[in-house]
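Below is one structure, written out as structure tokens; comments come after it.
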Amino acid sequence: MMFFSLLCDTGVRFTLLEELSELDGIELVTLIIAAVLAAALIVAVALYIRSGRAGGERIDEPKRGRSATQTLVIAAMMVSVSFVLSYLKLFSMPFGGSLTLLSMLPLTLFAAWYGPAYGFAAAFSYSMLQMIQGVWVVHPVQFALDYLLAYTCLGLASLFPKKAPLGVAVACFARLIVSTVSGAVFFAEYAADYGFSNSWAYSFCYNACYIGVEGVLCTIVAALPVVKRLRAQLVK
């Protein structure tokens with residue numbers, strides 16, 4: 001309880017949509033472009049699915065498969081949606097990190113549905129986009145852990161093609177572990193401020209407050225029937 005009380009006292013802010021009004025410059029332009037691109041790709045994919053149905057094509061036919069171009073369009077759509085959702089922050093932590101509106105879900109689902117090659121490529125691309133939102137760098141290794149490796153870990157969902165919810169959970173947990181290592185090594189000085197004598201326990205609790213919570217929510221949503229129906233339409 002002391003840890004959570006201190007979090008509130010030292011700057012946890014409930015900011016649903018609030019930070020959107022503060023965006024300007026490259027962040028605002030990038031968000032607008034990503035939102036427009038995501039909307040356009042969603043429409044394009046929906047029209048493709050509809051045209052396939054109109055032409056008598058079986059959407060769930062396994063032997064035909066999608067072309068690489070179609071897969072890349074869906075990848076761009078999922079990455080764009082994840083990026084847009086990452087701006088919808090339910091609350092922000094005092095030393096970086098935010099609980100977002102299921103921003104990890106589209107990307108991890110795509111990885112689980114389309115395999116390691118596409119999944120890790122999409123996750124790495126997403127890590128590049130995350131840097132636009134601002135970076136907090138105290139050391140090159142910390143930068144690599146918190147931005148490159150942590151987000152690329154979301155591609156681990158691709159290792160569970162038949163169990164997407166499990167893949168989502170593993171990918172989110174992997175990101176949590178990477179961020180925990182970074183926090184324990186490079187931000188250990190803050191542990192005492194939150195009543196911890198162990199920097200690893202502090203880092204895990206800190207990161208679990210947003211990555212862990214969002215990971216649980218993403219896993220629950222990934223198990224819903226509507227997600228299975230979406231997979232049946234996008235993957236064959």
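Each chain of the structure tokens is named A, B, ... in the order shown, its residues numbered from 1; ligands are numbered from 1 in display order.
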Looking only at the backbone, which of the residues in region 57-144 of chain A does DSSP tag as helix (DSSP H, G or I), as a ChimeraX atom specification? /A:68-85,104-114,116-133,140-144
Output N, CA and C atoms for every residue in the selection just made, as a short mmCIF file (atom, residue, chain, number, x, y, z; two decimals), in the first residue's frame.
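Below is the file selection32.cif, written as the result:
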```cif
data_model
loop_
_atom_site.label_atom_id
_atom_site.label_comp_id
_atom_site.auth_asym_id
_atom_site.auth_seq_id
_atom_site.Cartn_x
_atom_site.Cartn_y
_atom_site.Cartn_z
N ALA A 68 2.01 -11.48 -50.00
CA ALA A 68 2.88 -10.71 -49.12
C ALA A 68 2.41 -9.27 -49.04
N THR A 69 1.90 -8.74 -50.15
CA THR A 69 1.41 -7.36 -50.17
C THR A 69 0.23 -7.19 -49.23
N GLN A 70 -0.70 -8.13 -49.28
CA GLN A 70 -1.87 -8.06 -48.41
C GLN A 70 -1.46 -8.16 -46.95
N THR A 71 -0.49 -9.02 -46.67
CA THR A 71 -0.02 -9.17 -45.29
C THR A 71 0.65 -7.89 -44.81
N LEU A 72 1.43 -7.26 -45.66
CA LEU A 72 2.09 -6.01 -45.28
C LEU A 72 1.08 -4.90 -45.04
N VAL A 73 0.00 -4.88 -45.81
CA VAL A 73 -1.05 -3.89 -45.59
C VAL A 73 -1.68 -4.09 -44.22
N ILE A 74 -1.96 -5.35 -43.88
CA ILE A 74 -2.54 -5.65 -42.57
C ILE A 74 -1.54 -5.32 -41.46
N ALA A 75 -0.25 -5.58 -41.71
CA ALA A 75 0.78 -5.25 -40.72
C ALA A 75 0.81 -3.74 -40.47
N ALA A 76 0.78 -2.98 -41.56
CA ALA A 76 0.78 -1.52 -41.42
C ALA A 76 -0.45 -1.04 -40.66
N MET A 77 -1.58 -1.69 -40.92
CA MET A 77 -2.81 -1.32 -40.23
C MET A 77 -2.69 -1.58 -38.73
N MET A 78 -2.20 -2.76 -38.36
CA MET A 78 -2.09 -3.11 -36.94
C MET A 78 -1.08 -2.23 -36.22
N VAL A 79 0.06 -1.98 -36.85
CA VAL A 79 1.07 -1.12 -36.24
C VAL A 79 0.52 0.29 -36.06
N SER A 80 -0.18 0.79 -37.07
CA SER A 80 -0.75 2.14 -36.99
C SER A 80 -1.79 2.24 -35.88
N VAL A 81 -2.65 1.22 -35.77
CA VAL A 81 -3.67 1.23 -34.72
C VAL A 81 -3.01 1.19 -33.34
N SER A 82 -1.98 0.35 -33.18
CA SER A 82 -1.27 0.29 -31.90
C SER A 82 -0.64 1.64 -31.57
N PHE A 83 -0.07 2.28 -32.58
CA PHE A 83 0.58 3.56 -32.36
C PHE A 83 -0.42 4.63 -31.95
N VAL A 84 -1.57 4.66 -32.60
CA VAL A 84 -2.61 5.63 -32.24
C VAL A 84 -3.11 5.36 -30.82
N LEU A 85 -3.35 4.09 -30.49
CA LEU A 85 -3.82 3.75 -29.15
C LEU A 85 -2.80 4.11 -28.07
N MET A 104 -0.82 -2.46 -26.95
CA MET A 104 -0.03 -3.64 -27.31
C MET A 104 -0.86 -4.71 -28.01
N LEU A 105 -2.18 -4.62 -27.94
CA LEU A 105 -3.03 -5.70 -28.43
C LEU A 105 -2.99 -5.90 -29.94
N PRO A 106 -3.22 -4.86 -30.77
CA PRO A 106 -3.20 -5.10 -32.22
C PRO A 106 -1.88 -5.68 -32.71
N LEU A 107 -0.78 -5.17 -32.20
CA LEU A 107 0.54 -5.63 -32.64
C LEU A 107 0.79 -7.07 -32.24
N THR A 108 0.46 -7.44 -31.01
CA THR A 108 0.71 -8.81 -30.55
C THR A 108 -0.23 -9.80 -31.24
N LEU A 109 -1.45 -9.39 -31.52
CA LEU A 109 -2.36 -10.26 -32.26
C LEU A 109 -1.84 -10.50 -33.67
N PHE A 110 -1.36 -9.44 -34.31
CA PHE A 110 -0.80 -9.60 -35.65
C PHE A 110 0.36 -10.59 -35.62
N ALA A 111 1.25 -10.45 -34.64
CA ALA A 111 2.39 -11.36 -34.53
C ALA A 111 1.93 -12.80 -34.36
N ALA A 112 0.95 -13.01 -33.50
CA ALA A 112 0.44 -14.37 -33.25
C ALA A 112 -0.20 -14.96 -34.50
N TRP A 113 -0.84 -14.12 -35.29
CA TRP A 113 -1.57 -14.60 -36.47
C TRP A 113 -0.69 -14.81 -37.69
N TYR A 114 0.40 -14.06 -37.80
CA TYR A 114 1.17 -14.08 -39.04
C TYR A 114 2.59 -14.61 -38.90
N PRO A 116 6.62 -15.40 -36.94
CA PRO A 116 7.80 -14.66 -36.47
C PRO A 116 8.36 -13.63 -37.44
N ALA A 117 8.46 -13.96 -38.73
CA ALA A 117 9.09 -13.05 -39.69
C ALA A 117 8.35 -11.72 -39.73
N TYR A 118 7.04 -11.78 -39.93
CA TYR A 118 6.24 -10.56 -39.96
C TYR A 118 6.06 -9.97 -38.57
N GLY A 119 5.91 -10.85 -37.58
CA GLY A 119 5.63 -10.39 -36.22
C GLY A 119 6.77 -9.58 -35.63
N PHE A 120 7.99 -10.08 -35.73
CA PHE A 120 9.13 -9.35 -35.17
C PHE A 120 9.46 -8.10 -35.99
N ALA A 121 9.25 -8.18 -37.31
CA ALA A 121 9.48 -6.99 -38.14
C ALA A 121 8.52 -5.88 -37.77
N ALA A 122 7.26 -6.23 -37.55
CA ALA A 122 6.26 -5.24 -37.15
C ALA A 122 6.57 -4.68 -35.77
N ALA A 123 6.99 -5.55 -34.86
CA ALA A 123 7.32 -5.10 -33.49
C ALA A 123 8.52 -4.16 -33.50
N PHE A 124 9.52 -4.47 -34.31
CA PHE A 124 10.69 -3.59 -34.38
C PHE A 124 10.30 -2.23 -34.99
N SER A 125 9.45 -2.27 -36.01
CA SER A 125 8.98 -1.02 -36.61
C SER A 125 8.24 -0.18 -35.58
N TYR A 126 7.46 -0.85 -34.75
CA TYR A 126 6.72 -0.15 -33.70
C TYR A 126 7.67 0.49 -32.69
N SER A 127 8.77 -0.20 -32.40
CA SER A 127 9.75 0.37 -31.45
C SER A 127 10.35 1.66 -32.01
N MET A 128 10.52 1.72 -33.32
CA MET A 128 11.03 2.93 -33.94
C MET A 128 10.02 4.08 -33.79
N LEU A 129 8.76 3.76 -34.00
CA LEU A 129 7.72 4.78 -33.89
C LEU A 129 7.60 5.31 -32.46
N GLN A 130 7.81 4.45 -31.49
CA GLN A 130 7.67 4.87 -30.10
C GLN A 130 8.65 5.98 -29.72
N MET A 131 9.77 6.03 -30.40
CA MET A 131 10.76 7.06 -30.10
C MET A 131 10.26 8.46 -30.43
N ILE A 132 9.29 8.54 -31.33
CA ILE A 132 8.74 9.84 -31.70
C ILE A 132 8.03 10.48 -30.52
N GLN A 133 7.48 9.64 -29.65
CA GLN A 133 6.74 10.15 -28.50
C GLN A 133 7.65 10.73 -27.42
N PRO A 140 23.23 4.34 -23.11
CA PRO A 140 22.90 3.65 -24.36
C PRO A 140 22.25 2.28 -24.17
N VAL A 141 22.72 1.53 -23.17
CA VAL A 141 22.12 0.21 -22.92
C VAL A 141 20.69 0.36 -22.43
N GLN A 142 20.46 1.35 -21.56
CA GLN A 142 19.10 1.61 -21.09
C GLN A 142 18.19 1.98 -22.25
N PHE A 143 18.69 2.78 -23.17
CA PHE A 143 17.92 3.15 -24.36
C PHE A 143 17.56 1.91 -25.17
N ALA A 144 18.53 1.02 -25.39
CA ALA A 144 18.29 -0.19 -26.16
C ALA A 144 17.27 -1.09 -25.47
#
```
Using only C-alpha atoms, which of A:Leu224, A:Leu99, A:Leu156, A:Ala192 sits nearest Ala208 (chain A)? A:Leu99
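Take the candidates A:Val185, A:Ser103, A:Ala191, A:Val226 and check each one against Val168 (chain A) using only C-alpha atoms; the shortest distance goes to A:Ser103.
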Please compute the CA of Tyr202 (chain A)-CA of Leu176 (chain A) distance, one decimal, in Å. 12.8 Å
Taking into account only C-alpha atoms, which residue in the set A:Cys153, A:Ala184, A:Ala171, A:Ala34 is nearest to Gly215 (chain A)? A:Ala171
Determine which residues of region 11-220 of chain A receive a DSSP assignment of strand (DSSP E), computed from the backbone, and state them as an MDAnalysis selection string. chainID A and resid 13:14 89:92 98:100
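The smallest atom-to-atom distance between Arg231 (chain A) and any of A:Pro161, A:Gly212, A:Gly155, A:Gly134, using only C-alpha atoms, is found for A:Pro161.
Note that the spacing between CA of Ala44 (chain A) and CA of Val235 (chain A) amounts to 15.2 Å.
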